Every structure is written in structure tokens, then in C-alpha cells.
$ cat entry_20.txt   # compact mmCIF, C-alpha atoms
# COMPACT_ATOMS: atom_id res chain seq x y z
CA MET S 1 68.18 289.02 214.65
CA THR S 2 67.77 286.61 217.55
CA ASN S 3 66.17 284.03 215.29
CA SER S 4 69.05 284.25 212.83
CA HIS S 5 71.68 283.62 215.51
CA SER S 6 69.77 280.74 217.06
CA SER S 7 69.19 278.98 213.73
CA THR S 8 72.82 279.09 212.56
CA PRO S 9 74.22 276.43 214.98
CA HIS S 10 71.34 274.11 214.13
CA TRP S 11 72.07 274.48 210.39
CA ARG S 12 75.75 273.78 210.93
CA GLU S 13 75.04 270.72 213.05
CA THR S 14 72.67 269.32 210.42
CA ALA S 15 75.22 269.94 207.65
CA ALA S 16 77.96 268.28 209.72
CA ARG S 17 75.83 265.19 210.29
CA TRP S 18 74.99 264.85 206.60
CA THR S 19 78.67 265.27 205.73
CA VAL S 20 79.63 262.55 208.21
CA LEU S 21 76.97 260.23 206.77
CA ALA S 22 78.12 260.87 203.19
CA LEU S 23 81.79 260.26 204.07
CA ARG S 24 80.95 257.12 206.02
CA LEU S 25 79.11 255.68 203.03
CA ALA S 26 81.73 256.75 200.47
CA VAL S 27 84.87 255.75 202.38
CA GLY S 28 83.32 252.69 204.00
CA GLY S 29 81.82 251.55 200.71
CA THR S 30 85.22 251.86 199.01
CA PHE S 31 86.86 249.65 201.62
CA VAL S 32 83.98 247.15 201.54
CA PHE S 33 84.27 246.83 197.76
CA SER S 34 88.07 246.60 197.94
CA GLY S 35 87.95 243.95 200.67
CA LEU S 36 85.29 241.86 198.95
CA ALA S 37 87.05 241.99 195.57
CA LYS S 38 90.21 240.70 197.23
CA ALA S 39 88.40 238.11 199.36
CA ILE S 40 86.77 236.62 196.27
CA ASP S 41 90.15 236.03 194.61
CA ILE S 42 92.51 235.18 197.47
CA TRP S 43 95.05 233.60 195.12
CA GLY S 44 95.21 236.82 193.12
CA VAL S 45 95.92 238.83 196.29
CA GLY S 46 98.79 236.49 197.11
CA TYR S 47 100.21 236.86 193.60
CA LYS S 48 100.02 240.67 193.81
CA ILE S 49 101.74 240.70 197.21
CA ASP S 50 104.47 238.47 195.75
CA ASP S 51 104.90 241.02 192.93
CA TYR S 52 105.32 243.85 195.43
CA LEU S 53 107.80 241.93 197.57
CA ALA S 54 109.81 240.88 194.53
CA ALA S 55 109.86 244.46 193.19
CA PHE S 56 111.13 245.78 196.54
CA GLY S 57 113.60 242.94 197.01
CA TRP S 58 111.96 241.89 200.29
CA SER S 59 112.55 238.17 199.94
CA TRP S 60 112.57 237.86 203.75
CA ALA S 61 108.83 238.68 203.76
CA MET S 62 107.84 236.02 201.19
CA PRO S 63 106.89 233.42 203.86
CA PHE S 64 104.34 235.89 205.25
CA ALA S 65 102.68 236.61 201.89
CA GLY S 66 99.91 234.05 202.49
CA MET S 67 99.10 235.51 205.89
CA MET S 68 98.97 239.02 204.44
CA ALA S 69 96.74 237.81 201.58
CA VAL S 70 94.14 236.70 204.16
CA ALA S 71 94.53 239.58 206.63
CA LEU S 72 94.31 242.45 204.11
CA PRO S 73 90.90 241.70 202.52
CA LEU S 74 89.45 240.71 205.90
CA PHE S 75 90.59 244.00 207.47
CA GLU S 76 89.37 246.16 204.58
CA PHE S 77 85.95 244.52 204.37
CA LEU S 78 85.29 244.58 208.12
CA ALA S 79 86.66 248.08 208.73
CA GLY S 80 84.70 249.46 205.78
CA LEU S 81 81.47 247.84 206.95
CA MET S 82 81.99 249.06 210.53
CA LEU S 83 82.45 252.58 209.19
CA VAL S 84 79.24 252.39 207.16
CA ILE S 85 77.06 251.21 210.06
CA GLY S 86 78.88 253.26 212.70
CA SER S 87 80.11 250.44 214.93
CA PHE S 88 83.26 251.13 216.98
CA ARG S 89 83.15 254.68 215.66
CA ARG S 90 86.49 255.96 216.90
CA ALA S 91 88.48 252.73 216.78
CA THR S 92 87.41 252.04 213.17
CA VAL S 93 88.55 255.46 211.93
CA ILE S 94 91.87 255.18 213.78
CA ALA S 95 92.49 251.70 212.33
CA LEU S 96 91.78 252.90 208.80
CA LEU S 97 94.00 255.96 209.25
CA CYS S 98 96.85 253.69 210.39
CA CYS S 99 96.29 251.63 207.23
CA MET S 100 96.40 254.76 205.06
CA ALA S 101 99.55 255.94 206.83
CA PHE S 102 101.21 252.97 205.14
CA MET S 103 99.24 252.87 201.89
CA LEU S 104 99.56 256.56 201.00
CA PRO S 105 103.39 256.70 200.97
CA LEU S 106 103.46 253.31 199.25
CA SER S 107 101.17 254.52 196.47
CA ALA S 108 103.27 257.70 196.11
CA TYR S 109 106.39 255.58 195.61
CA VAL S 110 104.60 253.25 193.18
CA MET S 111 103.35 256.25 191.19
CA ALA S 112 106.85 257.74 191.02
CA CYS S 113 108.89 254.58 190.36
CA ASN S 114 106.31 252.24 188.76
CA PRO S 115 107.67 248.95 190.20
CA VAL S 116 104.34 247.22 189.44
CA PRO S 117 101.95 247.97 186.55
CA ASP S 118 98.90 248.46 188.81
CA CYS S 119 98.24 248.61 192.53
CA GLY S 120 95.80 245.71 192.78
CA CYS S 121 93.62 247.77 195.16
CA PHE S 122 90.41 246.21 193.88
CA GLY S 123 91.84 242.87 192.81
CA GLU S 124 90.89 241.82 189.29
CA ALA S 125 87.46 243.46 189.59
CA LEU S 126 88.69 246.97 188.78
CA THR S 127 92.14 248.03 187.61
CA LEU S 128 93.40 251.50 188.54
CA GLY S 129 96.57 253.10 187.26
CA ASN S 130 99.24 254.04 189.77
CA THR S 131 98.51 257.77 189.50
CA ALA S 132 94.76 257.28 190.02
CA THR S 133 95.54 255.05 193.00
CA PHE S 134 97.64 257.73 194.66
CA TRP S 135 94.95 260.42 194.37
CA LYS S 136 92.31 257.95 195.52
CA ASN S 137 94.37 257.36 198.66
CA VAL S 138 94.79 261.10 199.18
CA ALA S 139 91.00 261.54 199.10
CA LEU S 140 90.44 258.61 201.48
CA THR S 141 93.01 259.91 203.95
CA ALA S 142 91.51 263.41 203.93
CA ALA S 143 88.00 262.01 204.49
CA LEU S 144 89.20 259.82 207.38
CA ALA S 145 90.97 262.79 208.98
CA TYR S 146 87.65 264.67 208.96
CA LEU S 147 85.82 261.66 210.39
CA LEU S 148 88.37 261.37 213.18
CA LEU S 149 87.10 264.73 214.47
CA ARG S 150 83.42 264.49 213.54
CA ASN S 151 82.41 260.82 213.39
CA LYS S 152 80.75 260.81 216.82
CA ARG S 153 78.23 263.39 215.67
CA LEU S 154 76.28 260.50 214.12
CA ARG S 155 75.10 257.56 216.18
CA SER S 156 75.69 253.91 215.32
CA LEU S 157 72.89 251.86 213.84
CA TYR S 158 73.52 249.24 216.52
CA GLY S 159 73.78 249.53 220.27
CA PRO S 160 77.13 248.91 222.02
CA ALA S 161 75.97 245.56 223.45
CA VAL S 162 75.71 243.89 220.01
CA GLN S 163 78.42 245.66 218.03
CA TRP S 164 80.72 242.67 218.44
CA LEU S 165 78.15 240.65 216.48
CA THR S 166 78.23 243.20 213.65
CA LEU S 167 81.93 242.36 213.39
CA THR S 168 81.65 238.59 213.86
CA MET S 169 78.94 237.79 211.30
CA PRO S 170 80.61 239.57 208.35
CA ALA S 171 83.97 238.05 209.34
CA ILE S 172 82.51 234.54 209.06
CA VAL S 173 81.01 235.31 205.64
CA ALA S 174 84.28 236.82 204.38
CA MET S 175 86.25 233.77 205.52
CA ILE S 176 83.81 231.46 203.72
CA VAL S 177 84.28 233.47 200.51
CA MET S 178 88.08 233.31 200.87
CA ALA S 179 88.10 229.59 201.67
CA TYR S 180 85.93 228.84 198.63
CA GLY S 181 88.22 230.83 196.35
CA TYR S 182 91.28 229.09 197.76
CA TYR S 183 90.07 225.48 197.62
CA PHE S 184 87.99 225.76 194.44
CA GLN S 185 87.97 228.89 192.24
CA PRO S 186 86.88 232.49 192.89
CA MET S 187 83.10 232.77 193.29
CA ILE S 188 83.15 235.54 190.67
CA ASP S 189 85.67 235.21 187.83
CA PHE S 190 86.91 238.68 186.85
CA ARG S 191 89.66 237.34 184.58
CA PRO S 192 89.67 236.96 180.77
CA TYR S 193 89.61 233.14 180.87
CA LYS S 194 86.11 232.39 182.17
CA VAL S 195 84.34 229.07 181.70
CA GLY S 196 83.00 229.08 178.14
CA THR S 197 85.92 231.10 176.74
CA VAL S 198 87.43 229.80 173.52
CA LEU S 199 91.14 229.06 173.87
CA THR S 200 93.20 229.31 170.71
CA ASN S 201 96.81 228.66 169.86
CA SER S 202 99.07 231.64 169.46
CA GLY S 203 98.99 232.88 165.91
CA GLU S 204 95.56 231.53 165.01
CA SER S 205 93.19 233.96 163.38
CA PHE S 206 90.00 235.21 165.00
CA ASP S 207 86.66 235.33 163.26
CA ASP S 208 85.57 238.83 164.25
CA SER S 209 88.04 239.94 166.91
CA ASN S 210 91.45 241.53 167.08
CA TYR S 211 93.42 241.64 170.32
CA VAL S 212 96.35 243.69 171.58
CA PHE S 213 98.42 242.16 174.39
CA ILE S 214 99.98 244.35 177.06
CA TYR S 215 103.32 243.29 178.54
CA GLU S 216 105.64 244.98 181.04
CA LYS S 217 109.42 244.89 181.47
CA ASN S 218 111.59 247.02 183.77
CA GLY S 219 108.74 249.44 184.37
CA VAL S 220 108.03 249.86 180.63
CA THR S 221 104.60 248.84 179.34
CA LYS S 222 104.14 248.00 175.64
CA GLU S 223 101.41 246.60 173.43
CA PHE S 224 102.03 243.64 171.11
CA SER S 225 99.96 242.00 168.41
CA ILE S 226 99.23 238.28 168.47
CA ASN S 227 101.84 237.71 165.76
CA ASN S 228 104.51 239.68 167.55
CA LEU S 229 104.48 238.48 171.16
CA PRO S 230 107.64 239.22 173.21
CA ASP S 231 110.00 236.72 174.80
CA THR S 232 109.61 235.36 178.33
CA SER S 233 111.58 238.22 179.90
CA TRP S 234 108.42 240.34 179.51
CA THR S 235 105.51 240.01 181.99
CA PHE S 236 101.96 239.64 180.73
CA VAL S 237 99.69 242.38 182.16
CA ASP S 238 96.42 242.37 180.23
CA ARG S 239 94.83 241.99 176.84
CA ARG S 240 92.58 244.47 175.06
CA GLU S 241 90.02 243.69 172.38
CA THR S 242 90.29 246.32 169.65
CA VAL S 243 87.37 244.99 167.58
CA VAL S 244 84.47 244.05 169.81
CA ASN S 245 82.82 240.73 169.12
CA HIS S 246 79.22 240.73 170.31
CA GLU S 247 78.82 236.96 170.10
CA ALA S 248 80.03 235.66 173.46
CA ASP S 249 80.52 232.09 172.32
CA LYS S 250 82.95 233.21 169.60
CA LYS S 251 85.13 235.27 171.94
CA ALA S 252 88.63 233.81 171.83
CA SER S 253 91.64 234.09 174.10
CA PRO S 254 95.01 233.04 172.71
CA ILE S 255 97.63 231.38 174.87
CA THR S 256 101.30 230.93 174.09
CA ALA S 257 103.46 228.15 175.51
CA TYR S 258 107.11 227.47 174.78
CA ASP S 259 109.00 224.28 174.11
CA GLY S 260 112.54 223.66 175.31
CA ASP S 261 114.13 225.77 172.57
CA ASN S 262 111.99 228.84 173.37
CA SER S 263 109.89 228.31 170.25
CA ALA S 264 106.12 228.52 170.51
CA ALA S 265 104.41 225.16 170.81
CA ASP S 266 102.20 224.31 167.84
CA ASN S 267 98.67 222.95 168.10
CA LEU S 268 98.61 223.26 171.87
CA ILE S 269 94.82 223.43 171.90
CA PRO S 270 93.19 220.93 169.49
CA GLU S 271 90.05 221.99 167.68
CA LYS S 272 88.18 218.85 168.74
CA GLY S 273 88.36 216.44 171.63
CA VAL S 274 89.20 217.15 175.24
CA THR S 275 92.44 218.48 176.70
CA LEU S 276 93.41 218.40 180.36
CA LEU S 277 95.50 221.45 181.05
CA LEU S 278 97.49 221.21 184.29
CA ILE S 279 99.16 224.30 185.65
CA PRO S 280 101.52 223.57 188.56
CA ASP S 281 104.17 225.65 190.25
CA ILE S 282 106.90 223.09 189.77
CA GLU S 283 108.91 223.85 192.92
CA GLU S 284 105.96 223.25 195.23
CA ILE S 285 104.63 220.02 193.75
CA ASN S 286 105.19 217.16 196.18
CA SER S 287 105.74 213.49 195.37
CA LEU S 288 102.17 212.48 196.24
CA THR S 289 100.77 215.00 193.78
CA ASN S 290 103.22 213.77 191.14
CA PHE S 291 102.03 210.19 191.68
CA ARG S 292 98.41 211.31 191.27
CA LEU S 293 99.21 213.31 188.14
CA ASN S 294 100.77 210.25 186.54
CA ASP S 295 97.69 208.19 187.39
CA ILE S 296 95.43 210.81 185.83
CA ASN S 297 97.59 210.94 182.72
CA ASP S 298 97.41 207.14 182.30
CA LEU S 299 93.63 207.16 182.61
CA ALA S 300 93.29 210.16 180.31
CA ALA S 301 95.43 208.48 177.65
CA ASP S 302 93.38 205.26 177.89
CA SER S 303 90.25 207.35 177.48
CA GLY S 304 91.56 209.14 174.39
CA TYR S 305 92.25 212.46 176.09
CA GLN S 306 95.41 214.50 175.93
CA MET S 307 97.03 215.83 179.08
CA ILE S 308 99.34 218.83 178.98
CA CYS S 309 101.25 220.55 181.76
CA LEU S 310 101.95 224.30 181.61
CA THR S 311 104.30 225.96 184.06
CA GLY S 312 106.15 229.20 184.61
CA SER S 313 109.34 227.48 185.80
CA ASP S 314 112.59 227.78 183.88
CA GLU S 315 114.10 225.00 181.78
CA LYS S 316 116.57 223.88 184.46
CA GLN S 317 113.78 223.40 187.00
CA LEU S 318 111.74 221.56 184.38
CA ASP S 319 114.56 219.12 183.65
CA GLU S 320 114.96 218.33 187.35
CA TRP S 321 111.23 217.93 187.78
CA ARG S 322 110.85 215.62 184.77
CA GLU S 323 113.53 213.37 186.19
CA LEU S 324 111.97 213.23 189.66
CA SER S 325 108.33 212.99 188.61
CA MET S 326 108.84 210.66 185.63
CA ALA S 327 106.15 212.66 183.84
CA ASP S 328 104.97 210.91 180.69
CA TYR S 329 102.99 213.90 179.40
CA PRO S 330 104.18 217.01 177.52
CA VAL S 331 105.34 219.92 179.68
CA TYR S 332 105.60 223.44 178.29
CA ARG S 333 106.73 226.73 179.74
CA MET S 334 104.33 229.66 179.77
CA ASP S 335 104.42 233.28 180.85
CA ASP S 336 103.83 233.17 184.59
CA SER S 337 101.35 236.06 184.65
CA GLN S 338 99.17 234.67 181.87
CA LEU S 339 99.32 231.21 183.40
CA LYS S 340 97.94 232.50 186.70
CA GLN S 341 95.18 234.35 184.86
CA ILE S 342 93.76 231.15 183.40
CA ALA S 343 93.05 229.39 186.70
CA ARG S 344 93.84 229.78 190.38
CA GLY S 345 95.49 227.04 192.40
CA ASN S 346 98.76 225.21 192.77
CA PRO S 347 98.27 223.16 190.78
CA ALA S 348 95.02 223.95 188.99
CA VAL S 349 93.17 221.83 186.46
CA VAL S 350 91.45 223.18 183.35
CA ILE S 351 89.40 220.97 181.06
CA VAL S 352 89.10 222.23 177.49
CA ALA S 353 86.33 220.64 175.42
CA ASP S 354 86.01 221.49 171.73
CA GLY S 355 88.36 224.41 172.21
CA LYS S 356 86.34 225.95 175.06
CA ILE S 357 87.09 226.06 178.77
CA ALA S 358 84.50 223.66 180.19
CA TYR S 359 85.82 223.27 183.73
CA LYS S 360 88.49 224.66 186.02
CA SER S 361 89.28 224.20 189.67
CA SER S 362 92.10 223.50 192.07
CA PHE S 363 93.74 220.10 191.88
CA THR S 364 92.47 219.29 195.40
CA ASP S 365 88.87 219.75 194.28
CA PHE S 366 89.48 217.92 191.00
CA TYR S 367 91.00 214.89 192.70
CA ALA S 368 88.21 214.74 195.30
CA ASP S 369 85.83 213.72 192.48
CA PHE S 370 88.38 211.52 190.73
CA ASP S 371 86.89 208.24 191.96
CA ASN S 372 83.41 209.28 190.77
CA ALA S 373 84.83 210.27 187.37
CA THR S 374 86.66 206.97 186.92
CA LYS S 375 84.61 204.35 185.10
CA GLY S 376 86.69 201.20 185.16
CA LYS S 377 89.89 202.20 183.41
CA HIS S 378 88.40 205.26 181.75
CA LEU S 379 88.08 208.88 182.83
CA ASP S 380 84.62 210.37 182.39
CA ILE S 381 85.19 214.08 181.79
CA LYS S 382 81.45 214.80 181.86
CA THR S 383 81.49 214.17 185.61
CA TYR S 384 83.43 217.41 185.91
CA THR S 385 82.01 219.53 183.10
CA GLU S 386 78.38 218.84 184.02
CA SER S 387 79.03 219.76 187.65
CA MET S 388 80.28 223.26 186.77
CA GLY S 389 77.74 225.67 188.20
CA GLU S 390 77.47 229.42 188.54
CA ASP S 391 79.65 230.15 191.54
CA TYR S 392 78.48 233.77 191.72
CA GLU S 393 75.11 232.45 192.87
CA TYR S 394 76.83 231.15 196.02
CA PHE S 395 78.29 234.60 196.54
CA LEU S 396 74.91 236.30 196.15
CA SER S 397 73.34 233.80 198.56
CA LEU S 398 76.02 234.54 201.16
CA MET S 399 75.54 238.29 200.80
CA LEU S 400 71.76 237.89 201.11
CA ALA S 401 72.16 235.74 204.22
CA LEU S 402 74.47 238.36 205.73
CA ALA S 403 72.02 241.18 204.94
CA ILE S 404 69.13 239.24 206.51
CA GLY S 405 71.21 238.44 209.59
CA MET S 406 72.29 242.05 210.05
CA ALA S 407 68.71 243.28 209.58
CA ALA S 408 67.41 240.75 212.12
CA LEU S 409 70.08 241.80 214.61
CA LEU S 410 69.14 245.47 214.13
CA THR S 411 65.47 244.69 214.67
CA ILE S 412 66.11 242.72 217.87
CA ASN S 413 68.61 245.25 219.20
CA ARG S 414 66.56 248.38 218.52
CA ALA S 415 63.04 246.99 219.14
CA PRO S 416 62.97 248.12 222.82
CA LEU S 417 64.02 251.61 221.74
CA PHE S 418 61.30 251.72 219.09
CA PHE S 419 58.67 250.68 221.65
CA LYS S 420 59.96 253.25 224.13
CA LEU S 421 59.80 256.04 221.55
CA ALA S 422 56.31 254.97 220.53
CA ARG S 423 55.18 254.99 224.16
CA LEU S 424 56.71 258.41 224.79
CA LYS S 425 55.03 259.78 221.68
CA LYS S 426 51.71 258.33 222.76
CA ASN S 427 52.04 259.81 226.29
CA LYS S 428 53.03 263.17 224.85
CA SER S 429 50.01 263.18 222.55
CA LYS S 430 47.73 262.23 225.44
CA LYS S 431 49.15 264.96 227.65
CA ALA S 432 48.71 267.55 224.92
CA SER S 433 45.12 266.39 224.43
CA ASP S 434 44.42 266.67 228.17
CA ASN S 435 45.78 270.19 228.25
CA ARG S 436 43.40 271.23 225.49
CA GLN S 437 40.29 269.90 227.35
CA PRO S 438 38.59 272.29 229.95
CA SER S 439 38.51 271.23 233.61
CA PRO S 440 35.08 269.96 234.87
CA ASN S 441 35.17 272.52 237.73
CA ALA S 442 35.90 275.47 235.46
CA THR S 443 33.49 278.47 235.70
CA ASP S 444 32.11 280.47 232.87
CA SER S 445 34.56 283.22 233.66
CA ASP S 446 37.46 280.74 233.42
CA LEU S 447 36.24 279.62 230.02
CA ASN S 448 35.96 283.19 228.86
$ encode --input "entry_20.txt" --output "C-alpha cells"
Amino acid sequence: MTNSHSSTPHWRETAARWTVLALRLAVGGTFVFSGLAKAIDIWGVGYKIDDYLAAFGWSWAMPFAGMMAVALPLFEFLAGLMLVIGSFRRATVIALLCCMAFMLPLSAYVMACNPVPDCGCFGEALTLGNTATFWKNVALTAALAYLLLRNKRLRSLYGPAVQWLTLTMPAIVAMIVMAYGYYFQPMIDFRPYKVGTVLTNSGESFDDSNYVFIYEKNGVTKEFSINNLPDTSWTFVDRRETVVNHEADKKASPITAYDGDNSAADNLIPEKGVTLLLIPDIEEINSLTNFRLNDINDLAADSGYQMICLTGSDEKQLDEWRELSMADYPVYRMDDSQLKQIARGNPAVVIVADGKIAYKSSFTDFYADFDNATKGKHLDIKTYTESMGEDYEYFLSLMLALAIGMAALLTINRAPLFFKLARLKKNKSKKASDNRQPSPNATDSDLN
């Protein structure tokens, strides 16, 4: 009976520690994934925040959208990682609970009223419906409430003296990932229009594929075929391939652009040759950028390339912009959501060679190599297309460097403790061995 009572608290304590560990890994891992997915595509986070602010009518908050787009992924990634490794045990849980105190009611409202088609919790990496998002937030909040009471039952991997470094090193890595995605393109492209994707004109037939396009208007989501796309009052959400094509190089993504009379532009993407596809937000293009765009267009024309500008601005804004910029290249309107899916940046540049996306980046990055790509009075597109690498390799290298740095910090921080434990174990073993050996002065009667 005594043994039963004495073993029960030990069993409960062990179960509580395992529960804390499991919740740390599950909740922390969710926030790490959410933060990293957003950090990779910082432009996408900004677009999603703009969608929320527009849906709520909070135009006063629009100037702060960029700041929020940086702060949110940084907070989620760091707080999630701190929870996993146990650094700042109480402060981390409190910070995450404060975050959920805002996110949970927000997701309840979004589920009930559907102001946006999806929450954007995991960026473009994983799309959750509004109902699934709400219940996910309920589970996270419940787990954090438990950790608020029990998190100190499990020690941190790192000692208090170096926990600030466990926050600083991941913060630096996250900011590098965000800066890369902002000035170039996301290190991992989760969108439908990856490099190598075949772009086709709206209405063209596909060899082995059939697509359904999902649009949203006033909270209503509908599917449309390629031959029955809606007008520009609908917002592009996603596309779904109904007949899977297993040959990656034949996978096609149609785009639709509109001329001044709201009719679809014909032959937007030529079957052969090279097309420069510029995608600016008209209102934010300054005069210097306009001057550079005109220079690029002149060189492209002399080199036999076509340059096209696609924008989500309305016709009135386009007329004003044409007059100010003196653009000598065709400008078409395009659904704003689909336009932003093709490439990130304001403006962004996409090079289409033989109908395939061969290069895409921000205009800042494109123009930085402009002198190298200019051969006399000709533009050498190969300078850009041959430089396109696998950006996800940079991401993997950063994550590996972070893992090595964190492991080295753990080794340095905990090495004295390991040596101390080893010494204590050795002394304990020696003492036990001495107790088992008979004393030299012991008599026969003592031995018996």
C-alpha cells in the first residue's frame, strides 16, 4: 500500500513532463513553420495584411502594413523556437497567449463573416480554410494555457546566461531570409508560377491538363473554366488542376490581361522569342524608374524582344501614367491577385523565353545587372536567365548554419555541466566500490 502511494506522484510528474515536452514541440513547431513560411515570402504577407485592412475598412492602418509584415513572421518564428528549446519559459508562453488573444477572436470573426477567402496563417506554403483556422487557434490557445501553468516543469536546453544568444542568432537568420525575399524573390516559391512554368494566353488549349480557376466576390467563392473567366470585379484566389499532368515541362498556367475596352488581350505570350513582362503598381512608380523602364524598352526593341507591362490599376490611373511616363510599350490591366502571384516586387520583372518563365526578380535586382546584360546597344537576356539558380539551396544553407550554430552554443554552454555530472558519477562509483571492499584492520569475526 505504501509503495502504491509513493509511486503515484512520481508517475504524475513524469506524465506532466512528457505532456509539456509534447506541447512545446507541437505548438512551438506550428509557430516556427508559420513564421518561416511568412518570412520566406515577405511580399505575400504584406499583400495579405492589405487584404485584411481593406476588408475591415481600416485605411488608417495601411501605412503600417509593411512594419506588420516584418514584425509578424519574426515574432512567430522566434517565439515558436524559444518555446521548443525552453528559453524564456514564462515570458514566451505569455507573449504567445497575448498573440492568441488577438488571433482567436479575429479567426472567429473571419470564420463567421468570411471577409477574406483564407487566413494566410502559413503564407502560400499551406492554405487553411477559415473554419479550420479557427479550430487550429482554439487548440493552440488551450495548449498555451496548459503550458502557462506547467511549462517550468521542464528545464531549458540552454542556461540563462546564453539564452539571449538563442534569440539573437535565429533573428539574424530570419531577417536575412526576409531581406532576400524582399529585394529578390522568395527563397522557396510556393506559388503556381515557378521558373520553368509554361505561360499561355487565356483561351489556349492544354495538351494534357484541364484547370478550374477559383475567384471570390463579396464573400462568395466560385469556380470558372478557362473559357468562362469572370470580369475584373472578381478576385483571383487559386487555380486547381482537374486532370493531372505528370510531365512537369508541359504544365501550363494561363494568364488573362485586358485591353482598354475590357476585352482580353490576344497573343499576350508569343510561342517563340523572348518577352519581358513588367508588373508595376502604377501609383508607386517614380520618375526615375519610369526613365529606366523606357531605356530598357528601347534596348529590348533594338534586340528584337517585346516588352509588356501588366498592372492591376484601373483605366483612369493608366491614362494618367501613360501621359506622365511616355511609355512606348503596351500596357494591359490584369487581375491584381493573379498579377501578384506571378512575381513579387514593385515592380517585378519576368522574362519569358519560348513560352516558359525563365527568370523573375524585383526590378531593383534586375537593373543592378543591367550594365552587364547590355552589349553595345543590345540587351543580352542570357545574362539573366543563365544566372537563375535554385534559391531554396540558400535557404537550406541558412537553416544548416543556424542548426550548427545552435548546437555549438549548446555544447559550449552545457560542457561544464556534462563534466561535473561525469565527475560526480565517477566519485559515486568510486565511493560505492570502496564501501564494498573490507577494511585492512578487519578481524575474522568482522568478516563473518
$ atom_distance --input "entry_20.txt" --atom1 "atom CA of Gln338 of chain S" --atom2 "atom CA of Asp314 of chain S"
15.2 Å
$ residues_around --input "entry_20.txt" --residues "segment 353-362 of chain S" --least-positions-apart "2" --cutoff "7 Å" --atoms "all atoms listed in the file" --output "PyMOL selection string"
chain S and resi 183-185+195-199+269-275+343-351+364-366+384-385+388
$ residues_around --input "entry_20.txt" --residues "Phe31 of chain S" --least-positions-apart "2" --cutoff "8 Å" --atoms "only C-alpha atoms" --output "list in words"
Val27, Gly28, Gly29, Phe33, Ser34, Gly35, Glu76, Phe77, Ala79, Gly80 and Leu81 of chain S
$ atom_distance --input "entry_20.txt" --atom1 "atom CA of Pro416 of chain S" --atom2 "atom CA of Arg155 of chain S"
16.7 Å
$ atom_distance --input "entry_20.txt" --atom1 "atom CA of Tyr329 of chain S" --atom2 "atom CA of Asn372 of chain S"
23.1 Å
$ residues_near_point --input "entry_20.txt" --point "(77.2, 253.3, 209.1)" --cutoff "7 Å" --atoms "all atoms listed in the file" --output "PyMOL selection string"
chain S and resi 24-25+82-86+156-157
$ closest_residue --input "entry_20.txt" --among "S:Ala65, S:Ile412, S:Val116, S:Ala39" --to "Tyr52 of chain S" --atoms "only C-alpha atoms"
S:Val116
$ residues_around --input "entry_20.txt" --residues "segment 13-21 of chain S" --least-positions-apart "3" --cutoff "9 Å" --atoms "all atoms listed in the file" --output "list in words"
Thr8, Pro9, His10, Arg24, Leu25, Ala26, Val84, Tyr146, Leu147, Arg150, Asn151, Lys152, Arg153 and Leu154 of chain S
$ closest_residue --input "entry_20.txt" --among "S:Cys119, S:Ala373, S:Asn413, S:Trp234" --to "Gln163 of chain S" --atoms "only C-alpha atoms"
S:Asn413
$ residues_around --input "entry_20.txt" --residues "Asp41 of chain S" --least-positions-apart "4" --cutoff "7 Å" --atoms "only C-alpha atoms" --output "mmCIF file with C-alpha atoms, in the coordinates of the input"
data_model
loop_
_atom_site.group_PDB
_atom_site.id
_atom_site.type_symbol
_atom_site.label_atom_id
_atom_site.label_comp_id
_atom_site.auth_asym_id
_atom_site.auth_seq_id
_atom_site.Cartn_x
_atom_site.Cartn_y
_atom_site.Cartn_z
ATOM 1 C CA ALA S 37 87.050 241.990 195.570
ATOM 2 C CA VAL S 45 95.920 238.830 196.290
ATOM 3 C CA GLY S 181 88.220 230.830 196.350
ATOM 4 C CA PRO S 186 86.880 232.490 192.890
#
$ closest_residue --input "entry_20.txt" --among "S:Ala301, S:Asn228, S:Asp51, S:Ser325" --to "Glu283 of chain S" --atoms "all atoms listed in the file"
S:Ser325
$ residues_around --input "entry_20.txt" --residues "Ser107 of chain S" --least-positions-apart "3" --cutoff "8 Å" --atoms "only C-alpha atoms" --output "VMD selection string"
chain S and resid 103 to 104 110 to 111 119 130 133 to 134 137
